[in-house]
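All remarks here apply to the structure that follows.
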Amino acid sequence: MQLVVVTPIRLLADGLSHCLSCHSEISLLATVRDLAGLREILASETVDVVLMDVTLGVDLDEVRTLACDHPKIALVALGLNEQRHD
């Protein structure tokens, strides 16, 4: 499985990277700070799963657009607010 982590929080990125490195079936392609960084990775790599930290104001409309543009990629939100419309 090819995976990308999106978070502006370095400690979270480092922690997830370390945890994921213990699983040989997971290939962590990159950790990026924002959606622009994710778009760059998606333009050049085959990605199966994106773990996305959405606690610090990620534009959910942009996330929805990414989901529509890349329907085969599983987008997993970390820290989603408990609002039904989100």
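Naming works like this for the structure tokens: A, B, ... for the chains as they're shown, residue 1 at the start of each chain, ligands 1 onward in shown order.
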Exercise. Among the residues of range 5-83 of chain A, find those DSSP assigns to strand (DSSP E) from the backbone and print them as a PyMOL selection string.
Key: chain A and resi 5-6+27-32+49-53+74-78
Quiz prompt | Within 8 Å of Gln2 in chain A using only C-alpha atoms, minus same-chain residues under 6 positions, as a ChimeraX atom specification | solution = /A:26-29,46-49
Self-check item: For Glu25 in chain A, the nearest of the candidates A:Ile41, A:Leu75, A:Val63, A:Leu3, counting only C-alpha atoms
Solution: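 For Glu25 in chain A, the nearest of the candidates is A:Leu3.
If you count only C-alpha atoms and ignore residues fewer than 5 places along the chain from range 50-58 of chain A, what sits within 7 Å of it is A:Leu3, A:Val4, A:Val5, A:Val6, A:Thr7, A:Ala74, A:Leu75, A:Val76, A:Ala77, A:Leu78, A:Gly79, A:Leu80.
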For the residues in the current selection, export C-alpha atoms as an mmCIF file, in the first residue's frame.
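Saved result, part-v3.cif, follows:
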```cif
data_model
loop_
_atom_site.group_PDB
_atom_site.id
_atom_site.type_symbol
_atom_site.label_atom_id
_atom_site.label_comp_id
_atom_site.auth_asym_id
_atom_site.auth_seq_id
_atom_site.Cartn_x
_atom_site.Cartn_y
_atom_site.Cartn_z
ATOM 1 C CA LEU A 3 0.543 6.036 1.612
ATOM 2 C CA VAL A 4 0.952 9.802 2.082
ATOM 3 C CA VAL A 5 0.513 11.717 5.353
ATOM 4 C CA VAL A 6 -0.741 15.321 5.253
ATOM 5 C CA THR A 7 -0.197 17.368 8.411
ATOM 6 C CA ALA A 74 -8.831 6.375 0.119
ATOM 7 C CA LEU A 75 -8.823 9.666 2.031
ATOM 8 C CA VAL A 76 -8.753 9.173 5.797
ATOM 9 C CA ALA A 77 -9.415 12.243 7.942
ATOM 10 C CA LEU A 78 -7.593 12.498 11.262
ATOM 11 C CA GLY A 79 -9.146 14.731 13.925
ATOM 12 C CA LEU A 80 -12.324 15.656 12.057
#
```
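Within range 16-79 of chain A, DSSP applied to the backbone places the following residues in helix (DSSP H, G or I): Leu16, Ser17, His18, Cys19, Leu20, Ser21, Leu35, Ala36, Gly37, Leu38, Arg39, Glu40, Ile41, Leu42, Ala43, Ser44, Leu60, Asp61, Glu62, Val63, Arg64, Thr65, Leu66, Ala67, Cys68 and Asp69 of chain A.
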Resulting file, chosen residues, C-alpha atoms, as a JSON list (two decimals), in the first residue's frame:
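Written output follows (part.json):
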```
[["chain", "number", "residue", "atom", "x", "y", "z"],
["A", 16, "LEU", "CA", 3.07, 8.44, 12.13],
["A", 17, "SER", "CA", 6.14, 7.89, 9.96],
["A", 18, "HIS", "CA", 7.81, 5.91, 12.72],
["A", 19, "CYS", "CA", 4.72, 3.80, 13.43],
["A", 20, "LEU", "CA", 4.10, 3.09, 9.76],
["A", 21, "SER", "CA", 7.74, 2.11, 9.15],
["A", 35, "LEU", "CA", -2.91, 20.17, 0.18],
["A", 36, "ALA", "CA", -0.57, 21.86, -2.30],
["A", 37, "GLY", "CA", 2.16, 19.41, -1.29],
["A", 38, "LEU", "CA", -0.30, 16.54, -1.63],
["A", 39, "ARG", "CA", -1.25, 17.65, -5.15],
["A", 40, "GLU", "CA", 2.43, 17.60, -6.14],
["A", 41, "ILE", "CA", 2.80, 14.03, -4.89],
["A", 42, "LEU", "CA", -0.42, 12.91, -6.60],
["A", 43, "ALA", "CA", 0.84, 14.31, -9.90],
["A", 44, "SER", "CA", 3.89, 12.06, -9.89],
["A", 60, "LEU", "CA", -12.93, 20.64, 3.12],
["A", 61, "ASP", "CA", -14.18, 21.81, -0.28],
["A", 62, "GLU", "CA", -10.65, 21.30, -1.60],
["A", 63, "VAL", "CA", -10.59, 17.85, 0.00],
["A", 64, "ARG", "CA", -13.87, 17.00, -1.72],
["A", 65, "THR", "CA", -12.41, 18.15, -5.04],
["A", 66, "LEU", "CA", -9.35, 15.95, -4.48],
["A", 67, "ALA", "CA", -11.66, 13.02, -3.70],
["A", 68, "CYS", "CA", -13.54, 13.57, -6.95],
["A", 69, "ASP", "CA", -10.35, 13.98, -8.97]]
```
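In this structure, CA of His23 in chain A sits 25.0 Å away from CA of Pro71 in chain A.
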Exercise. Go ahead and compute the interatomic distance for CA of Ala13 in chain A and CA of Thr31 in chain A, in Å to one decimal.
Key: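 Straight-line distance from CA of Ala13 in chain A to CA of Thr31 in chain A works out to 6.4 Å.
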